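Enquirer: Sharing a structure here in structure tokens format.
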Amino acid sequence: MKLVFIIFPFLISICSLAQDTIYTESKIEIVNGEVPAEDSRYSQYHSLVAYTGQGIEVFNETHIIEDYGVYFIHQTDSENQSTYCHGNDNYLTCVRTIRDTVLNMEYDYSQGDTVAIRKLYFDQEKLVKSECIYGCEYAISYTYNGDTLTEFKRITDSTYMYSYSIFDKRDRLIFNIWGSQKPIFEGFYYFDTFEWDDENRTCLKKTSASNATPYNIEATFYDDDWIPLRKEVAHKNKTRLFDKYTIRFTRDFDTNLSMSSFPEKWIGLTETDTGQVIFNHCAGGDYKILITEIDGKKTLLEYGEQEDSEYWINKISSKKNKIVFSVECKLSGKKGNFTFQWVDQSKGIGSWTSNVPKISKRNGLFVFENFRNHFPIIDQPCVECWGDECDD
């Protein structure tokens, strides 16, 4: 499904994605054979992309190195809902599209208002045509021509933009042209061509302007699941010479774990001769780890067993079925990681370890709070902590 850009402030969270999501981060590593300087415009490029385990892109946030920090965001919440956003840190505009599979209708929303409604036509569950019945100034239509899907879209706001795209039967873009109808720009347009090589898992994209020779050439290399590994780019700079650079994609999150469903509260388990128990320390109760938000900042909280410790969460990543929380102790400023891994998900048991120096109290097994009643609870006698001060 390809949508038109119409834009309004919109908050997108990648934590709402499916459990089999694979996150990749990318940055420009090499420019003309050298590592870019920290203050180089190439060092400012950033992209975060998320795919399902089947290689379907469900989230893409790309910060462009030029054009005043412009970035694009696309998120697919489900097969029936999509959001496109475009803007910068000061101004973000979006369009949200929701498909009604019962009525075969599709609705576009901008700032809460309905801006377009389309009637959809299917042939054996395959979309073959869309027909605008409201908001036709956007003139969005879909029509299959053999094995390709074409889309025409026109935005008649202050930019007077239009585009025409062709997709193959795998819904991959193979041709795209866009331009402006403003008098000052009339007749000026850009177009992209895409050459997909299924055998070698590559795609060659060429971007040109008004029939000129290509000024941007990108060769993207994918793994067997069509998740990108690297991109080789040749881009004409202001002096009309080609800058050549490499964008490397790092698989940052490859696991069946998802933060959208990750349990927030964990209770420490203690191993005894008769098995695992929840041990309530007489000085502070049972030991817990809580993922929460304090003063507007994502926080990992250790509490119970006397003193509490707060850690600001600076980053969450995952490698080899482990979730890694990169943290900073609020009190001491010391940095380190808390690492989580499932031990027996059916029983709600996971392993937490920490390398925060001289701060974190313990490593070991924990149980998700919803499973706490599956384990015996042992209360440590008061006298072992407070002696004669305890009541009989």
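By convention in this document, the chains of the structure tokens carry letters A, B, ... by their order, each chain's residues are numbered from 1, and ligands are numbered from 1 in the order they are shown.
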Can you pull out the residues contacting stretch 268-280 of chain A? Cut-off 7 Å, using only C-alpha atoms, and skip same-chain residues under 3 positions away; I want them as a PDB file with N, CA and C atoms, in the first residue's frame.
Expert:
ATOM      1  N   GLY A 285      11.747  -6.508  52.199  1.00  0.00           N
ATOM      2  CA  GLY A 285      10.848  -7.238  51.327  1.00  0.00           C
ATOM      3  C   GLY A 285      11.570  -7.954  50.206  1.00  0.00           C
ATOM      4  N   ASP A 286      10.808  -8.364  49.180  1.00  0.00           N
ATOM      5  CA  ASP A 286      11.422  -9.084  48.074  1.00  0.00           C
ATOM      6  C   ASP A 286      12.113  -8.093  47.131  1.00  0.00           C
ATOM      7  N   TYR A 287      13.047  -8.616  46.353  1.00  0.00           N
ATOM      8  CA  TYR A 287      13.862  -7.800  45.447  1.00  0.00           C
ATOM      9  C   TYR A 287      13.180  -7.720  44.094  1.00  0.00           C
ATOM     10  N   LYS A 288      13.047  -6.527  43.548  1.00  0.00           N
ATOM     11  CA  LYS A 288      12.308  -6.341  42.295  1.00  0.00           C
ATOM     12  C   LYS A 288      13.100  -5.485  41.327  1.00  0.00           C
ATOM     13  N   LEU A 365      17.905 -15.186  38.656  1.00  0.00           N
ATOM     14  CA  LEU A 365      16.619 -15.477  38.047  1.00  0.00           C
ATOM     15  C   LEU A 365      15.520 -14.613  38.658  1.00  0.00           C
ATOM     16  N   PHE A 366      14.580 -14.221  37.784  1.00  0.00           N
ATOM     17  CA  PHE A 366      13.445 -13.400  38.204  1.00  0.00           C
ATOM     18  C   PHE A 366      12.186 -13.978  37.585  1.00  0.00           C
ATOM     19  N   VAL A 367      11.050 -13.653  38.185  1.00  0.00           N
ATOM     20  CA  VAL A 367       9.779 -14.102  37.658  1.00  0.00           C
ATOM     21  C   VAL A 367       8.914 -12.874  37.369  1.00  0.00           C
ATOM     22  N   PHE A 375       5.038 -19.560  42.931  1.00  0.00           N
ATOM     23  CA  PHE A 375       6.221 -19.857  43.733  1.00  0.00           C
ATOM     24  C   PHE A 375       5.922 -19.618  45.214  1.00  0.00           C
ATOM     25  N   PRO A 376       6.487 -20.471  46.093  1.00  0.00           N
ATOM     26  CA  PRO A 376       6.315 -20.259  47.539  1.00  0.00           C
ATOM     27  C   PRO A 376       6.932 -18.929  47.963  1.00  0.00           C
ATOM     28  N   ILE A 377       6.318 -18.275  48.917  1.00  0.00           N
ATOM     29  CA  ILE A 377       6.826 -17.016  49.454  1.00  0.00           C
ATOM     30  C   ILE A 377       7.359 -17.269  50.865  1.00  0.00           C
ATOM     31  N   ILE A 378       8.613 -16.975  51.070  1.00  0.00           N
ATOM     32  CA  ILE A 378       9.273 -17.190  52.369  1.00  0.00           C
ATOM     33  C   ILE A 378       9.576 -15.830  52.994  1.00  0.00           C
ATOM     34  N   ASP A 379       9.060 -15.610  54.196  1.00  0.00           N
ATOM     35  CA  ASP A 379       9.337 -14.380  54.933  1.00  0.00           C
ATOM     36  C   ASP A 379      10.487 -14.621  55.904  1.00  0.00           C
ATOM     37  N   GLN A 380      11.548 -13.855  55.750  1.00  0.00           N
ATOM     38  CA  GLN A 380      12.681 -13.973  56.667  1.00  0.00           C
ATOM     39  C   GLN A 380      12.259 -13.490  58.058  1.00  0.00           C
TER      40      GLN A 380
END
Enquirer: Can you list, as a list in words, every protein, DNA or RNA residue that comes within 6 Å of stretch 330-344 of chain A when you count only C-alpha atoms, leaving out same-chain residues fewer than 4 positions away?
Expert: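 Contacts, in chain order: Glu310, Tyr311, Lys322, Ile323, Val324, Phe325, Ser326, Ile349, Gly350, Ser351, Trp352, Thr353, Ser354, Asn355 and Val356 of chain A.
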Enquirer: Mind pulling up the distance from atom CA of A:Ile56 to atom CA of A:Leu173?
Expert: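 Interatomic distance, atom CA of A:Leu173 to atom CA of A:Ile56: 13.7 Å.
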Enquirer: By how many Å are atom CA of A:His46 and atom CA of A:Tyr215 apart?
Expert: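 Atom CA of A:Tyr215 lies 21.1 Å from atom CA of A:His46.
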Enquirer: Residues at most 7 Å from stretch 24-33 of chain A, counting only C-alpha atoms, excluding those fewer than 2 positions away in the same chain, as an MDAnalysis selection string?
Expert: chainID A and resid 22 35:36 42:43 45:50 243:253
Enquirer: Rounded to one decimal in Å, what is the spacing between atom CA of A:Pro381 and atom CA of A:Cys282?
Expert: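 Atom CA of A:Pro381 sits 6.3 Å away from atom CA of A:Cys282.
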Enquirer: Pick out the closest residue to A:Cys85 from this set: A:Asn60, A:Ser309, A:Thr239, A:Ser208. Count only C-alpha atoms.
Expert: A:Asn60
Enquirer: For A:Thr76, list every protein, DNA or RNA residue within 8 Å, evaluated using only C-alpha atoms, and leave out those in the same chain fewer than 6 positions away; present the list as a PyMOL selection string.
Expert: chain A and resi 58-59+82-83
Enquirer: May I have the residues from that selection written out with C-alpha atoms, as an mmCIF file, in the first residue's frame?
Expert:
data_model
loop_
_atom_site.group_PDB
_atom_site.id
_atom_site.type_symbol
_atom_site.label_atom_id
_atom_site.label_comp_id
_atom_site.auth_asym_id
_atom_site.auth_seq_id
_atom_site.Cartn_x
_atom_site.Cartn_y
_atom_site.Cartn_z
ATOM 1 C CA VAL A 58 6.945 -1.901 8.949
ATOM 2 C CA PHE A 59 8.830 1.186 10.123
ATOM 3 C CA SER A 82 -0.375 2.982 7.799
ATOM 4 C CA THR A 83 1.161 6.355 8.598
#
Enquirer: To test your reading of the structure, identify every residue in stretch 319-386 of chain A that backbone DSSP assigns to helix (DSSP H, G or I), and report it as a list of chain:residue names.
Expert: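 Matching residues, listed in order: A:Gln345, A:Ser346, A:Lys347, A:Glu369, A:Asn370, A:Phe371, A:Arg372, A:Asn373, A:His374, A:Val383, A:Glu384, A:Cys385, A:Trp386.
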Enquirer: Give me the residues near A:Leu103 as an MDAnalysis selection string, where near means some atom within 12 Å (using only C-alpha atoms) and where sequence neighbours in that chain fewer than 6 positions away do not count.
Expert: chainID A and resid 117:122
Enquirer: Please provide the set of residues having any atom within 7 Å of A:Ile177, restricted to only C-alpha atoms, with same-chain residues fewer than 6 positions apart removed, written as a PyMOL selection string.
Expert: chain A and resi 163-165+190-192
Enquirer: Those selected residues, please, written with N, CA, C and O atoms and delivered as a PDB file, in the first residue's frame.
Expert:
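Written output follows (selection.pdb):
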ATOM      1  N   SER A 163       2.818  12.790  -8.283  1.00  0.00           N
ATOM      2  CA  SER A 163       3.732  11.682  -8.522  1.00  0.00           C
ATOM      3  C   SER A 163       2.990  10.555  -9.232  1.00  0.00           C
ATOM      4  O   SER A 163       1.771  10.441  -9.151  1.00  0.00           O
ATOM      5  N   TYR A 164       3.778   9.749  -9.915  1.00  0.00           N
ATOM      6  CA  TYR A 164       3.252   8.579 -10.618  1.00  0.00           C
ATOM      7  C   TYR A 164       4.233   7.447 -10.374  1.00  0.00           C
ATOM      8  O   TYR A 164       5.445   7.616 -10.564  1.00  0.00           O
ATOM      9  N   SER A 165       3.730   6.314  -9.919  1.00  0.00           N
ATOM     10  CA  SER A 165       4.608   5.214  -9.525  1.00  0.00           C
ATOM     11  C   SER A 165       4.147   3.915 -10.165  1.00  0.00           C
ATOM     12  O   SER A 165       2.961   3.731 -10.444  1.00  0.00           O
ATOM     13  N   TYR A 190      11.509  14.970 -11.099  1.00  0.00           N
ATOM     14  CA  TYR A 190      12.503  13.952 -10.797  1.00  0.00           C
ATOM     15  C   TYR A 190      11.911  12.597 -11.126  1.00  0.00           C
ATOM     16  O   TYR A 190      10.686  12.407 -11.086  1.00  0.00           O
ATOM     17  N   PHE A 191      12.779  11.642 -11.414  1.00  0.00           N
ATOM     18  CA  PHE A 191      12.270  10.282 -11.562  1.00  0.00           C
ATOM     19  C   PHE A 191      13.326   9.278 -11.093  1.00  0.00           C
ATOM     20  O   PHE A 191      14.534   9.527 -11.189  1.00  0.00           O
ATOM     21  N   ASP A 192      12.831   8.161 -10.572  1.00  0.00           N
ATOM     22  CA  ASP A 192      13.665   7.058 -10.093  1.00  0.00           C
ATOM     23  C   ASP A 192      13.368   5.817 -10.915  1.00  0.00           C
ATOM     24  O   ASP A 192      12.212   5.550 -11.257  1.00  0.00           O
TER      25      ASP A 192
END
Enquirer: So which residues touch A:Glu106 within 10 Å, counting only C-alpha atoms, skipping near sequence neighbours fewer than 6 positions away, as a CSV table (one decimal) with C-alpha atoms, in the first residue's frame?
Expert:
chain,number,residue,atom,x,y,z
A,80,ASN,CA,-5.0,-2.2,7.6
A,81,GLN,CA,-3.3,1.0,9.0
A,97,THR,CA,-4.7,5.7,6.3
A,98,ILE,CA,-7.1,3.2,7.7
A,99,ARG,CA,-8.7,0.5,5.5
A,100,ASP,CA,-12.2,-0.9,6.3
A,116,ALA,CA,-10.0,11.4,1.3
A,117,ILE,CA,-12.2,8.3,1.0
A,118,ARG,CA,-11.7,5.6,-1.7
A,119,LYS,CA,-13.7,2.6,-2.8
A,120,LEU,CA,-11.5,-0.5,-3.3
A,130,SER,CA,-9.3,2.2,-6.2
A,131,GLU,CA,-11.9,4.9,-7.0
A,132,CYS,CA,-12.0,8.2,-5.2
